[in-house]
$ cat work-v1.cif   # mmCIF, C-alpha atoms
data_input
loop_
_atom_site.label_atom_id
_atom_site.label_comp_id
_atom_site.auth_asym_id
_atom_site.auth_seq_id
_atom_site.Cartn_x
_atom_site.Cartn_y
_atom_site.Cartn_z
CA MET A 1 0.00 0.00 0.00
CA VAL A 2 1.36 3.41 -0.97
CA LYS A 3 0.68 6.51 1.06
CA ILE A 4 -2.01 8.77 -0.40
CA ILE A 5 -2.54 12.33 0.74
CA LYS A 6 -5.16 14.84 -0.35
CA ILE A 7 -3.82 18.27 -1.22
CA GLN A 8 -5.85 21.42 -1.75
CA GLN A 9 -5.40 24.75 -3.44
CA ARG A 10 -5.00 27.27 -0.62
CA ILE A 11 -4.80 31.00 -1.00
CA THR A 12 -1.17 32.07 -0.80
CA SER A 13 0.26 35.55 -1.20
CA SER A 14 1.91 34.83 -4.53
CA ASN A 15 2.63 31.54 -6.22
CA ASP A 16 5.81 32.91 -7.80
CA THR A 17 7.24 33.99 -4.42
CA GLU A 18 6.23 30.68 -2.86
CA ALA A 19 7.83 28.76 -5.76
CA GLU A 20 11.10 30.67 -5.52
CA LYS A 21 11.29 29.99 -1.78
CA LEU A 22 10.60 26.27 -2.28
CA ARG A 23 13.20 26.02 -5.04
CA MET A 24 15.87 27.42 -2.73
CA GLU A 25 14.84 25.18 0.16
CA LEU A 26 15.04 22.09 -2.05
CA ARG A 27 18.49 23.08 -3.25
CA ASP A 28 19.65 23.62 0.35
CA ARG A 29 18.49 20.11 1.16
CA GLY A 30 20.44 18.72 -1.78
CA ILE A 31 17.36 17.81 -3.81
CA PHE A 32 17.21 18.51 -7.56
CA ALA A 33 13.52 18.73 -8.49
CA LEU A 34 11.90 18.37 -11.91
CA ASN A 35 8.30 19.09 -12.85
CA LEU A 36 7.18 16.48 -15.40
CA MET A 37 4.16 17.48 -17.49
CA SER A 38 2.26 15.95 -20.41
CA SER A 39 -1.12 14.87 -21.80
CA PRO A 40 -2.85 11.94 -20.13
CA GLY A 41 -1.37 8.69 -21.38
CA SER A 42 1.85 10.00 -22.88
CA GLY A 43 3.85 7.51 -20.84
CA LYS A 44 5.09 9.60 -17.88
CA SER A 45 5.17 6.65 -15.48
CA THR A 46 6.88 4.25 -17.89
CA PHE A 47 9.43 6.99 -18.63
CA LEU A 48 10.08 7.56 -14.91
CA LYS A 49 10.52 3.85 -14.26
CA ALA A 50 13.06 3.65 -17.11
CA THR A 51 14.83 6.76 -15.76
CA ALA A 52 15.04 5.23 -12.26
CA LYS A 53 16.64 2.10 -13.72
CA GLN A 54 19.30 4.17 -15.49
CA LEU A 55 20.00 6.22 -12.35
CA LYS A 56 20.59 3.15 -10.20
CA ASN A 57 23.93 3.44 -8.37
CA ARG A 58 24.25 7.05 -9.60
CA ALA A 59 21.54 9.00 -7.76
CA ARG A 60 18.58 8.21 -5.54
CA MET A 61 15.30 9.13 -7.15
CA GLY A 62 11.88 9.93 -5.68
CA VAL A 63 8.52 10.60 -7.33
CA LEU A 64 5.63 12.74 -6.12
CA GLU A 65 2.61 11.45 -8.06
CA ALA A 66 -0.14 14.02 -8.58
CA ASP A 67 -3.49 12.74 -9.81
CA ILE A 68 -7.13 13.66 -9.48
CA ASP A 69 -7.89 10.11 -8.44
CA SER A 70 -6.42 6.57 -8.17
CA ALA A 71 -3.02 5.39 -6.91
CA VAL A 72 -2.11 3.48 -10.08
CA ASP A 73 1.08 5.44 -10.72
CA ALA A 74 2.41 5.49 -7.16
CA GLU A 75 1.78 1.75 -6.88
CA ALA A 76 3.77 1.20 -10.09
CA MET A 77 6.68 3.27 -8.68
CA ALA A 78 6.62 1.54 -5.28
CA LYS A 79 6.77 -1.85 -7.03
CA GLU A 80 10.09 -0.77 -8.58
CA GLY A 81 11.42 0.29 -5.19
CA ILE A 82 11.19 4.02 -5.97
CA THR A 83 10.44 6.35 -3.02
CA THR A 84 6.99 7.69 -3.80
CA LEU A 85 3.92 9.45 -2.47
CA GLN A 86 0.51 9.74 -4.16
CA LEU A 87 -1.11 13.17 -4.09
CA HIS A 88 -4.81 13.59 -4.84
CA THR A 89 -5.52 17.08 -6.13
CA ASP A 90 -9.17 17.26 -5.10
CA GLY A 91 -10.24 17.68 -8.74
CA MET A 92 -7.64 20.36 -9.51
CA CYS A 93 -6.13 20.34 -13.00
CA HIS A 94 -2.62 21.40 -11.95
CA VAL A 95 -0.14 21.58 -9.06
CA ASP A 96 1.09 24.92 -7.68
CA ALA A 97 4.04 25.57 -5.33
CA ASP A 98 1.97 25.36 -2.16
CA MET A 99 0.39 22.07 -3.25
CA MET A 100 3.89 20.77 -3.99
CA ARG A 101 4.92 21.83 -0.47
CA GLN A 102 1.95 19.95 1.04
CA GLY A 103 3.22 16.83 -0.71
CA LEU A 104 6.86 17.32 0.32
CA GLU A 105 5.88 17.71 3.97
CA GLU A 106 4.41 14.20 3.96
CA MET A 107 7.14 12.49 1.97
CA ASP A 108 10.24 10.77 3.33
CA LEU A 109 12.92 12.74 1.48
CA GLU A 110 15.95 11.61 3.44
CA ASP A 111 17.14 9.35 0.65
CA VAL A 112 16.08 11.47 -2.32
CA GLU A 113 18.59 13.32 -4.51
CA ILE A 114 16.54 13.69 -7.70
CA LEU A 115 12.84 14.32 -7.21
CA PHE A 116 10.23 14.21 -9.98
CA LEU A 117 6.81 15.76 -9.59
CA GLU A 118 4.60 13.77 -11.96
CA ASN A 119 2.09 16.54 -12.60
CA VAL A 120 -1.59 15.99 -13.50
CA GLY A 121 -2.01 14.81 -17.12
CA ASN A 122 -2.91 18.07 -18.84
CA LEU A 123 -1.19 20.03 -21.61
CA ILE A 124 -2.67 23.40 -20.63
CA CYS A 125 -3.15 24.39 -16.98
CA PRO A 126 0.09 23.01 -15.41
CA ALA A 127 2.14 25.28 -17.71
CA GLU A 128 0.66 28.32 -15.96
CA PHE A 129 1.90 27.46 -12.44
CA ASP A 130 5.46 27.49 -11.14
CA THR A 131 5.72 24.43 -8.87
CA GLY A 132 9.03 25.39 -7.26
CA CYS A 133 10.91 22.71 -9.20
CA HIS A 134 14.29 23.55 -10.71
CA LYS A 135 13.43 22.37 -14.20
CA ASN A 136 10.31 21.84 -16.30
CA VAL A 137 10.26 18.75 -18.49
CA MET A 138 7.40 17.76 -20.76
CA ILE A 139 6.58 14.63 -22.74
CA LEU A 140 5.04 14.58 -26.20
CA SER A 141 4.25 11.02 -27.28
CA VAL A 142 4.40 9.99 -30.93
CA PRO A 143 0.72 8.87 -31.12
CA GLU A 144 -0.39 12.41 -30.10
CA GLY A 145 0.89 13.92 -33.34
CA ASP A 146 3.53 16.46 -34.36
CA ASP A 147 1.03 19.35 -34.44
CA LYS A 148 0.85 19.69 -30.65
CA PRO A 149 3.38 22.57 -30.39
CA LEU A 150 1.04 24.60 -32.64
CA LYS A 151 -1.96 23.94 -30.42
CA TYR A 152 -0.43 24.10 -26.93
CA PRO A 153 2.36 26.67 -27.31
CA LEU A 154 2.66 27.71 -23.65
CA MET A 155 3.55 24.20 -22.45
CA PHE A 156 6.32 23.89 -25.05
CA SER A 157 7.56 27.43 -24.31
CA THR A 158 7.94 26.87 -20.56
CA SER A 159 9.75 23.51 -20.80
CA ASP A 160 13.51 23.21 -20.42
CA ALA A 161 13.41 19.79 -22.06
CA VAL A 162 10.89 18.00 -24.28
CA ILE A 163 10.88 14.20 -24.33
CA ILE A 164 9.42 12.74 -27.53
CA SER A 165 8.24 9.40 -26.15
CA LYS A 166 7.02 6.07 -27.57
CA LEU A 167 9.57 6.39 -30.37
CA ASP A 168 9.14 2.65 -31.06
CA SER A 169 5.61 3.40 -32.32
CA LEU A 170 6.90 5.79 -35.02
CA PRO A 171 6.24 3.31 -37.90
CA TYR A 172 2.53 3.13 -37.03
CA PHE A 173 1.72 6.85 -36.85
CA ASP A 174 1.93 9.84 -39.13
CA PHE A 175 4.49 11.71 -37.01
CA SER A 176 7.50 13.56 -38.37
CA LEU A 177 10.36 14.05 -35.91
CA GLU A 178 11.78 16.85 -38.06
CA ARG A 179 8.46 18.71 -38.12
CA ALA A 180 7.96 18.30 -34.36
CA GLU A 181 11.50 19.49 -33.56
CA GLU A 182 11.22 22.46 -35.88
CA ARG A 183 7.91 23.54 -34.32
CA ILE A 184 9.28 23.18 -30.78
CA MET A 185 12.49 25.10 -31.57
CA ARG A 186 10.51 27.92 -33.15
CA LEU A 187 8.64 28.41 -29.83
CA ASN A 188 11.58 27.72 -27.56
CA PRO A 189 15.06 27.77 -29.16
CA LYS A 190 16.84 26.98 -25.85
CA CYS A 191 14.85 23.82 -25.26
CA ARG A 192 16.56 20.41 -25.35
CA ILE A 193 14.69 17.68 -27.24
CA PHE A 194 15.13 13.96 -26.51
CA PRO A 195 13.33 11.48 -28.79
CA LEU A 196 13.35 8.15 -26.96
CA SER A 197 11.59 4.91 -26.19
CA ALA A 198 11.35 3.98 -22.51
CA LYS A 199 10.28 0.52 -23.69
CA THR A 200 13.33 -0.32 -25.83
CA GLY A 201 15.78 2.04 -24.10
CA GLU A 202 16.62 3.85 -27.37
CA GLY A 203 17.63 7.46 -26.73
CA MET A 204 17.57 7.17 -22.92
CA SER A 205 21.30 7.87 -22.46
CA GLY A 206 21.15 11.42 -23.89
CA TRP A 207 18.33 12.29 -21.51
CA ILE A 208 20.18 10.83 -18.47
CA GLU A 209 23.32 12.74 -19.40
CA TRP A 210 21.37 16.03 -19.56
CA LEU A 211 19.65 15.23 -16.24
CA MET A 212 22.96 14.64 -14.42
CA GLU A 213 24.55 17.75 -15.97
CA GLU A 214 21.63 19.95 -14.97
CA ARG A 215 21.72 18.50 -11.46
CA ASP A 216 25.41 19.40 -11.13
CA ARG A 217 24.70 22.88 -12.49
CA CYS A 218 21.89 23.36 -9.95
CA PHE A 219 24.26 22.83 -7.03
CA HIS A 220 27.37 24.52 -8.40
CA ASP A 221 26.09 27.67 -10.08
CA MET B 222 -8.43 30.35 -45.36
CA VAL B 223 -10.81 29.38 -42.58
CA LYS B 224 -12.49 31.93 -40.39
CA ILE B 225 -10.89 32.32 -36.94
CA ILE B 226 -12.59 34.12 -34.09
CA LYS B 227 -11.30 34.82 -30.59
CA ILE B 228 -13.72 33.99 -27.81
CA GLN B 229 -13.41 34.97 -24.16
CA GLN B 230 -14.75 33.82 -20.86
CA ARG B 231 -17.30 36.47 -19.84
CA ILE B 232 -19.12 36.59 -16.54
CA THR B 233 -22.61 35.22 -16.99
CA SER B 234 -25.30 34.75 -14.39
CA SER B 235 -25.10 30.96 -14.39
CA ASN B 236 -23.47 28.66 -16.88
CA ASP B 237 -26.10 25.97 -16.29
CA THR B 238 -28.99 28.37 -17.07
CA GLU B 239 -27.14 29.68 -20.12
CA ALA B 240 -26.46 26.11 -21.31
CA GLU B 241 -30.09 25.03 -20.92
CA LYS B 242 -31.24 28.05 -22.91
CA LEU B 243 -28.74 27.39 -25.69
CA ARG B 244 -29.71 23.71 -25.85
CA MET B 245 -33.35 24.62 -26.44
CA GLU B 246 -32.48 27.27 -29.03
CA LEU B 247 -30.35 24.78 -30.98
CA ARG B 248 -33.17 22.24 -30.92
CA ASP B 249 -35.63 24.86 -32.15
CA ARG B 250 -33.30 25.57 -35.06
CA GLY B 251 -33.15 21.85 -35.93
CA ILE B 252 -29.52 21.46 -34.88
CA PHE B 253 -28.41 18.42 -32.88
CA ALA B 254 -25.23 19.44 -31.04
CA LEU B 255 -22.51 17.22 -29.54
CA ASN B 256 -19.64 18.24 -27.30
CA LEU B 257 -16.58 16.16 -28.23
CA MET B 258 -13.90 15.99 -25.54
CA SER B 259 -10.59 14.14 -25.14
CA SER B 260 -6.88 14.39 -24.36
CA PRO B 261 -4.69 16.20 -26.87
CA GLY B 262 -3.84 13.91 -29.77
CA SER B 263 -6.52 11.27 -29.24
CA GLY B 264 -7.65 11.67 -32.85
CA LYS B 265 -10.70 13.97 -32.53
CA SER B 266 -10.22 15.52 -35.97
CA THR B 267 -9.57 12.23 -37.79
CA PHE B 268 -12.66 10.81 -36.07
CA LEU B 269 -14.79 13.80 -37.14
CA LYS B 270 -13.60 13.55 -40.74
CA ALA B 271 -14.51 9.84 -40.79
CA THR B 272 -17.91 10.65 -39.24
CA ALA B 273 -18.59 13.31 -41.88
CA LYS B 274 -17.84 10.80 -44.62
CA GLN B 275 -20.34 8.33 -43.16
CA LEU B 276 -23.00 11.01 -42.76
CA LYS B 277 -22.76 12.10 -46.38
CA ASN B 278 -26.23 12.10 -47.99
CA ARG B 279 -27.77 11.47 -44.55
CA ALA B 280 -27.21 14.67 -42.55
CA ARG B 281 -25.26 17.88 -42.98
CA MET B 282 -22.49 18.21 -40.42
CA GLY B 283 -20.67 21.24 -39.02
CA VAL B 284 -17.72 21.56 -36.66
CA LEU B 285 -16.87 24.33 -34.20
CA GLU B 286 -13.15 23.91 -33.55
CA ALA B 287 -11.98 25.18 -30.16
CA ASP B 288 -8.25 25.53 -29.63
CA ILE B 289 -5.91 27.71 -27.66
CA ASP B 290 -3.96 28.43 -30.82
CA SER B 291 -3.55 27.39 -34.49
CA ALA B 292 -6.13 26.65 -37.17
CA VAL B 293 -4.80 23.18 -38.01
CA ASP B 294 -8.07 21.39 -37.24
CA ALA B 295 -10.43 23.85 -38.95
CA GLU B 296 -8.23 23.78 -42.05
CA ALA B 297 -8.41 19.98 -42.08
CA MET B 298 -12.22 20.11 -41.85
CA ALA B 299 -12.57 22.81 -44.53
CA LYS B 300 -10.44 20.69 -46.88
CA GLU B 301 -13.06 17.93 -46.59
CA GLY B 302 -15.85 20.39 -47.37
CA ILE B 303 -17.17 20.41 -43.79
CA THR B 304 -18.76 23.67 -42.56
CA THR B 305 -16.36 24.88 -39.89
CA LEU B 306 -15.23 27.77 -37.74
CA GLN B 307 -12.04 28.00 -35.67
CA LEU B 308 -12.41 29.39 -32.15
CA HIS B 309 -9.39 30.58 -30.20
CA THR B 310 -10.04 30.35 -26.48
CA ASP B 311 -7.57 33.04 -25.37
CA GLY B 312 -5.61 30.47 -23.34
CA MET B 313 -8.71 28.99 -21.68
CA CYS B 314 -8.64 25.26 -21.00
CA HIS B 315 -12.34 24.62 -21.71
CA VAL B 316 -15.45 25.96 -23.47
CA ASP B 317 -18.53 27.09 -21.54
CA ALA B 318 -22.04 27.80 -22.87
CA ASP B 319 -21.43 31.51 -23.43
CA MET B 320 -18.18 30.80 -25.31
CA MET B 321 -20.10 28.28 -27.43
CA ARG B 322 -22.70 30.97 -28.14
CA GLN B 323 -19.96 33.41 -29.25
CA GLY B 324 -18.85 30.81 -31.76
CA LEU B 325 -22.35 30.01 -33.00
CA GLU B 326 -23.07 33.69 -33.63
CA GLU B 327 -20.21 33.84 -36.12
CA MET B 328 -20.87 30.55 -37.86
CA ASP B 329 -22.99 29.94 -40.93
CA LEU B 330 -25.42 27.37 -39.54
CA GLU B 331 -28.02 27.41 -42.30
CA ASP B 332 -26.85 24.09 -43.68
CA VAL B 333 -25.99 22.39 -40.41
CA GLU B 334 -28.09 19.57 -38.94
CA ILE B 335 -25.49 17.87 -36.75
CA LEU B 336 -23.00 20.15 -35.05
CA PHE B 337 -19.87 19.03 -33.21
CA LEU B 338 -18.02 21.24 -30.79
CA GLU B 339 -14.45 19.95 -30.87
CA ASN B 340 -13.54 21.05 -27.36
CA VAL B 341 -10.01 21.95 -26.20
CA GLY B 342 -7.80 18.85 -25.77
CA ASN B 343 -8.04 18.32 -22.02
CA LEU B 344 -9.37 15.41 -19.96
CA ILE B 345 -10.15 17.49 -16.87
CA CYS B 346 -11.56 21.03 -17.15
CA PRO B 347 -14.05 20.61 -20.06
CA ALA B 348 -15.95 18.00 -18.02
CA GLU B 349 -16.87 20.69 -15.48
CA PHE B 350 -18.70 22.99 -17.92
CA ASP B 351 -22.04 22.40 -19.64
CA THR B 352 -21.58 23.76 -23.18
CA GLY B 353 -25.28 23.70 -24.12
CA CYS B 354 -24.79 20.71 -26.40
CA HIS B 355 -27.37 17.90 -26.36
CA LYS B 356 -24.84 15.12 -25.82
CA ASN B 357 -21.34 14.73 -24.42
CA VAL B 358 -19.03 12.38 -26.27
CA MET B 359 -15.45 11.64 -25.29
CA ILE B 360 -12.59 9.84 -26.99
CA LEU B 361 -10.09 7.59 -25.24
CA SER B 362 -7.37 6.47 -27.64
CA VAL B 363 -5.68 3.09 -27.28
CA PRO B 364 -2.13 4.54 -26.86
CA GLU B 365 -3.30 6.50 -23.78
CA GLY B 366 -3.89 3.32 -21.78
CA ASP B 367 -6.85 1.57 -20.17
CA ASP B 368 -6.22 3.15 -16.75
CA LYS B 369 -7.59 6.57 -17.74
CA PRO B 370 -11.10 6.03 -16.26
CA LEU B 371 -9.40 5.54 -12.88
CA LYS B 372 -7.47 8.79 -13.16
CA TYR B 373 -10.03 11.09 -14.81
CA PRO B 374 -13.36 9.82 -13.46
CA LEU B 375 -15.42 13.00 -13.98
CA MET B 376 -14.86 13.06 -17.75
CA PHE B 377 -16.01 9.44 -18.08
CA SER B 378 -18.95 10.03 -15.73
CA THR B 379 -20.33 12.99 -17.69
CA SER B 380 -20.08 11.39 -21.15
CA ASP B 381 -23.09 9.85 -22.91
CA ALA B 382 -20.78 7.95 -25.23
CA VAL B 383 -17.10 6.97 -25.07
CA ILE B 384 -15.25 6.33 -28.33
CA ILE B 385 -12.22 4.05 -27.93
CA SER B 386 -10.18 5.28 -30.88
CA LYS B 387 -7.10 4.12 -32.80
CA LEU B 388 -8.28 0.53 -32.45
CA ASP B 389 -5.90 -0.45 -35.27
CA SER B 390 -2.98 0.29 -32.90
CA LEU B 391 -4.19 -2.29 -30.34
CA PRO B 392 -1.44 -4.85 -31.22
CA TYR B 393 1.30 -2.33 -30.35
CA PHE B 394 0.09 -1.20 -26.92
CA ASP B 395 -0.69 -2.80 -23.60
CA PHE B 396 -4.41 -1.91 -23.66
CA SER B 397 -7.21 -4.25 -22.67
CA LEU B 398 -10.63 -3.43 -24.16
CA GLU B 399 -12.33 -5.51 -21.47
CA ARG B 400 -10.53 -3.69 -18.66
CA ALA B 401 -11.30 -0.26 -20.18
CA GLU B 402 -14.98 -1.09 -20.70
CA GLU B 403 -15.35 -2.50 -17.21
CA ARG B 404 -13.78 0.61 -15.66
CA ILE B 405 -15.97 2.95 -17.72
CA MET B 406 -19.17 1.02 -16.92
CA ARG B 407 -18.37 1.07 -13.22
CA LEU B 408 -18.32 4.89 -13.32
CA ASN B 409 -21.15 5.33 -15.78
CA PRO B 410 -23.37 2.30 -16.41
CA LYS B 411 -25.63 4.15 -18.90
CA CYS B 412 -22.72 5.14 -21.13
CA ARG B 413 -22.43 3.69 -24.63
CA ILE B 414 -18.94 2.54 -25.66
CA PHE B 415 -17.76 2.37 -29.29
CA PRO B 416 -14.31 0.88 -29.97
CA LEU B 417 -13.37 1.91 -33.49
CA SER B 418 -10.68 2.92 -35.94
CA ALA B 419 -11.36 6.06 -37.97
CA LYS B 420 -8.40 5.01 -40.15
CA THR B 421 -9.68 1.58 -41.19
CA GLY B 422 -13.40 2.25 -40.64
CA GLU B 423 -13.77 -0.68 -38.22
CA GLY B 424 -16.55 -0.04 -35.71
CA MET B 425 -17.74 3.22 -37.30
CA SER B 426 -21.21 1.93 -38.19
CA GLY B 427 -22.28 1.33 -34.57
CA TRP B 428 -21.32 4.89 -33.67
CA ILE B 429 -23.16 6.38 -36.66
CA GLU B 430 -26.27 4.37 -35.81
CA TRP B 431 -26.23 5.68 -32.22
CA LEU B 432 -25.66 9.24 -33.49
CA MET B 433 -28.68 9.11 -35.82
CA GLU B 434 -30.90 7.52 -33.15
CA GLU B 435 -29.97 10.14 -30.57
CA ARG B 436 -30.61 12.88 -33.11
CA ASP B 437 -34.10 11.53 -33.76
CA ARG B 438 -34.72 11.26 -30.03
CA CYS B 439 -33.62 14.86 -29.51
CA PHE B 440 -36.29 16.17 -31.87
CA HIS B 441 -39.11 13.75 -31.04
CA ASP B 442 -39.01 13.40 -27.26
#

$ encode --input "work-v1.cif" --output "structure tokens"
Amino acid sequence: MVKIIKIQQRITSSNDTEAEKLRMELRDRGIFALNLMSSPGSGKSTFLKATAKQLKNRARMGVLEADIDSAVDAEAMAKEGITTLQLHTDGMCHVDADMMRQGLEEMDLEDVEILFLENVGNLICPAEFDTGCHKNVMILSVPEGDDKPLKYPLMFSTSDAVIISKLDSLPYFDFSLERAEERIMRLNPKCRIFPLSAKTGEGMSGWIEWLMEERDRCFHD
Amino acid sequence: MVKIIKIQQRITSSNDTEAEKLRMELRDRGIFALNLMSSPGSGKSTFLKATAKQLKNRARMGVLEADIDSAVDAEAMAKEGITTLQLHTDGMCHVDADMMRQGLEEMDLEDVEILFLENVGNLICPAEFDTGCHKNVMILSVPEGDDKPLKYPLMFSTSDAVIISKLDSLPYFDFSLERAEERIMRLNPKCRIFPLSAKTGEGMSGWIEWLMEERDRCFHD
């Protein structure tokens, strides 16, 4: 059984101030935090499990699972031995910095060096709220189509890295990697793009390399 | 070039009252309206194009395309000769009844008998707002996974019909039709479920039959 806690949107002075404070606190505790966003069903959990496997013996990973309902994802993480906590957002479509704090207060973070917030599956609202994480990462899965940057520009603009997931399904869908990358770069030229398959492992190493570099940068800049 | 209009969330007395009024007006004008909701990239547009093809010589179809940005979907509809209008939601994550009205006011509805609102790609927020349509239909695509009813229960609970799309991709994903149907029925026993592939045409006829029956019921009850 995984631990489930219910978080609520509370009125705070300013989410941006709250987020900045949280980001510094996390850094002081030696935790590098990433906000992982995507549509429902893009493969966030499978991607996180594959990431945890690659990080084994390199860094200890934890996952804060935010969902409206169910504990499916946290149970999947716990099964792999990943430190996890399930947050229920009380119907909310996103996580803000104070909601993230409510989760952190209940989680055993002693062993965690890299923390992922698996945000609610939603390509719109989460992009509007700073969660206090150090980096924003989003997933676009091949079956969703290469036109998504045109339709959901804010999400692609606020992400430091875009994972193009389910790369193994490329032969079965009308998805052009070139078109997707071009559309993402037009919105966000500084963004790093990692096409990969968590299932086959293809492309995972580039993502892990970036993750470790950014973690070092977080603590040494 | 398709027509694009920008709609905004305005303060109205009550969305439910507004929606009820709009629903009756549409009925009086002989228009059967359906609110189509889903995650980004579940195949709403491909599904609507396939539906239009099947309805040819049976009923005239129109599509109100709601998106945060781009006119990709409306252009795709116009190319198929479908009456369409592109709405830009000014960043909003859903469409309410007043926003729907703003779109209808700008659309040439003379020829339209069956009208689809292609709602913003989002499995959370649109479920909370009555758009004034007669029926709610949602799409769950096979690549998204059969656990979605557990994570996004409200969307499945408020839908009169659930389309399980991209059925042709079933061999490539870990998706159980039985599990998905059981989870949907547990939330919403009255819901009709149509597994289909807009690409191959498999399963389309059951959906079209339901659509025509519900249209008749709308005008004769």

$ interface_residues --input "work-v1.cif" --of "chain A" --to "chain B" --cutoff "7 Å" --atoms "only C-alpha atoms" --output "PDB file with C-alpha atoms, in the coordinates of the input"
ATOM      1  CA  SER A  39      -1.120  14.870 -21.800  1.00  0.00           C
ATOM      2  CA  PRO A  40      -2.850  11.940 -20.130  1.00  0.00           C
ATOM      3  CA  GLY A  41      -1.370   8.690 -21.380  1.00  0.00           C
ATOM      4  CA  SER A  42       1.850  10.000 -22.880  1.00  0.00           C
ATOM      5  CA  ASP A  67      -3.490  12.740  -9.810  1.00  0.00           C
ATOM      6  CA  ILE A  68      -7.130  13.660  -9.480  1.00  0.00           C
ATOM      7  CA  ASP A  69      -7.890  10.110  -8.440  1.00  0.00           C
ATOM      8  CA  SER A  70      -6.420   6.570  -8.170  1.00  0.00           C
ATOM      9  CA  CYS A  93      -6.130  20.340 -13.000  1.00  0.00           C
ATOM     10  CA  ASN A 122      -2.910  18.070 -18.840  1.00  0.00           C
ATOM     11  CA  ILE A 124      -2.670  23.400 -20.630  1.00  0.00           C
ATOM     12  CA  CYS A 125      -3.150  24.390 -16.980  1.00  0.00           C
ATOM     13  CA  PRO A 143       0.720   8.870 -31.120  1.00  0.00           C
ATOM     14  CA  GLU A 144      -0.390  12.410 -30.100  1.00  0.00           C
ATOM     15  CA  GLY A 145       0.890  13.920 -33.340  1.00  0.00           C
ATOM     16  CA  LEU A 150       1.040  24.600 -32.640  1.00  0.00           C
ATOM     17  CA  LYS A 151      -1.960  23.940 -30.420  1.00  0.00           C
ATOM     18  CA  TYR A 152      -0.430  24.100 -26.930  1.00  0.00           C
TER      19      TYR A 152
END

$ residues_around --input "work-v1.cif" --residues "Trp428 in chain B" --least-positions-apart "3" --cutoff "12 Å" --atoms "only C-alpha atoms" --output "ChimeraX atom specification"
/B:268-269,271-272,275-276,358,381-386,413-419,422-425,431-435

$ write_last_selection --input "work-v1.cif" --atoms "C-alpha atoms" --output "short mmCIF file (atom, residue, chain, number, x, y, z; two decimals), in the coordinates of the input"
data_model
loop_
_atom_site.label_atom_id
_atom_site.label_comp_id
_atom_site.auth_asym_id
_atom_site.auth_seq_id
_atom_site.Cartn_x
_atom_site.Cartn_y
_atom_site.Cartn_z
CA PHE B 268 -12.66 10.81 -36.07
CA LEU B 269 -14.79 13.80 -37.14
CA ALA B 271 -14.51 9.84 -40.79
CA THR B 272 -17.91 10.65 -39.24
CA GLN B 275 -20.34 8.33 -43.16
CA LEU B 276 -23.00 11.01 -42.76
CA VAL B 358 -19.03 12.38 -26.27
CA ASP B 381 -23.09 9.85 -22.91
CA ALA B 382 -20.78 7.95 -25.23
CA VAL B 383 -17.10 6.97 -25.07
CA ILE B 384 -15.25 6.33 -28.33
CA ILE B 385 -12.22 4.05 -27.93
CA SER B 386 -10.18 5.28 -30.88
CA ARG B 413 -22.43 3.69 -24.63
CA ILE B 414 -18.94 2.54 -25.66
CA PHE B 415 -17.76 2.37 -29.29
CA PRO B 416 -14.31 0.88 -29.97
CA LEU B 417 -13.37 1.91 -33.49
CA SER B 418 -10.68 2.92 -35.94
CA ALA B 419 -11.36 6.06 -37.97
CA GLY B 422 -13.40 2.25 -40.64
CA GLU B 423 -13.77 -0.68 -38.22
CA GLY B 424 -16.55 -0.04 -35.71
CA MET B 425 -17.74 3.22 -37.30
CA TRP B 431 -26.23 5.68 -32.22
CA LEU B 432 -25.66 9.24 -33.49
CA MET B 433 -28.68 9.11 -35.82
CA GLU B 434 -30.90 7.52 -33.15
CA GLU B 435 -29.97 10.14 -30.57
#

$ atom_distance --input "work-v1.cif" --atom1 "CA of Glu327 in chain B" --atom2 "CA of Cys354 in chain B"
17.0 Å

$ atom_distance --input "work-v1.cif" --atom1 "CA of Arg186 in chain A" --atom2 "CA of Phe156 in chain A"
10.0 Å

$ closest_residue --input "work-v1.cif" --among "A:Asn57, A:Asn35, A:Gln102, A:Thr46" --to "Gln9 in chain A" --atoms "all atoms listed in the file"
A:Gln102

$ atom_distance --input "work-v1.cif" --atom1 "CA of Glu339 in chain B" --atom2 "CA of Leu257 in chain B"
5.1 Å

$ resolve_selection --input "work-v1.cif" --expression "the PyMOL selection byres ((chain B and resi 285) around 9)" --output "PyMOL selection string"
chain B and resi 283-284+286-287+295+304-308+321+324-325+328+336-340

$ resolve_selection --input "work-v1.cif" --expression "the PyMOL selection byres ((chain A and resi 19) around 9)" --output "PyMOL selection string"
chain A and resi 14-18+20-24+96-98+130-133

$ resolve_selection --input "work-v1.cif" --expression "the PyMOL selection byres ((chain B and resi 250) around 10)" --output "JSON, numbers by chain"
{"B": [245, 246, 247, 248, 249, 251, 252, 253, 330, 331, 333, 334]}
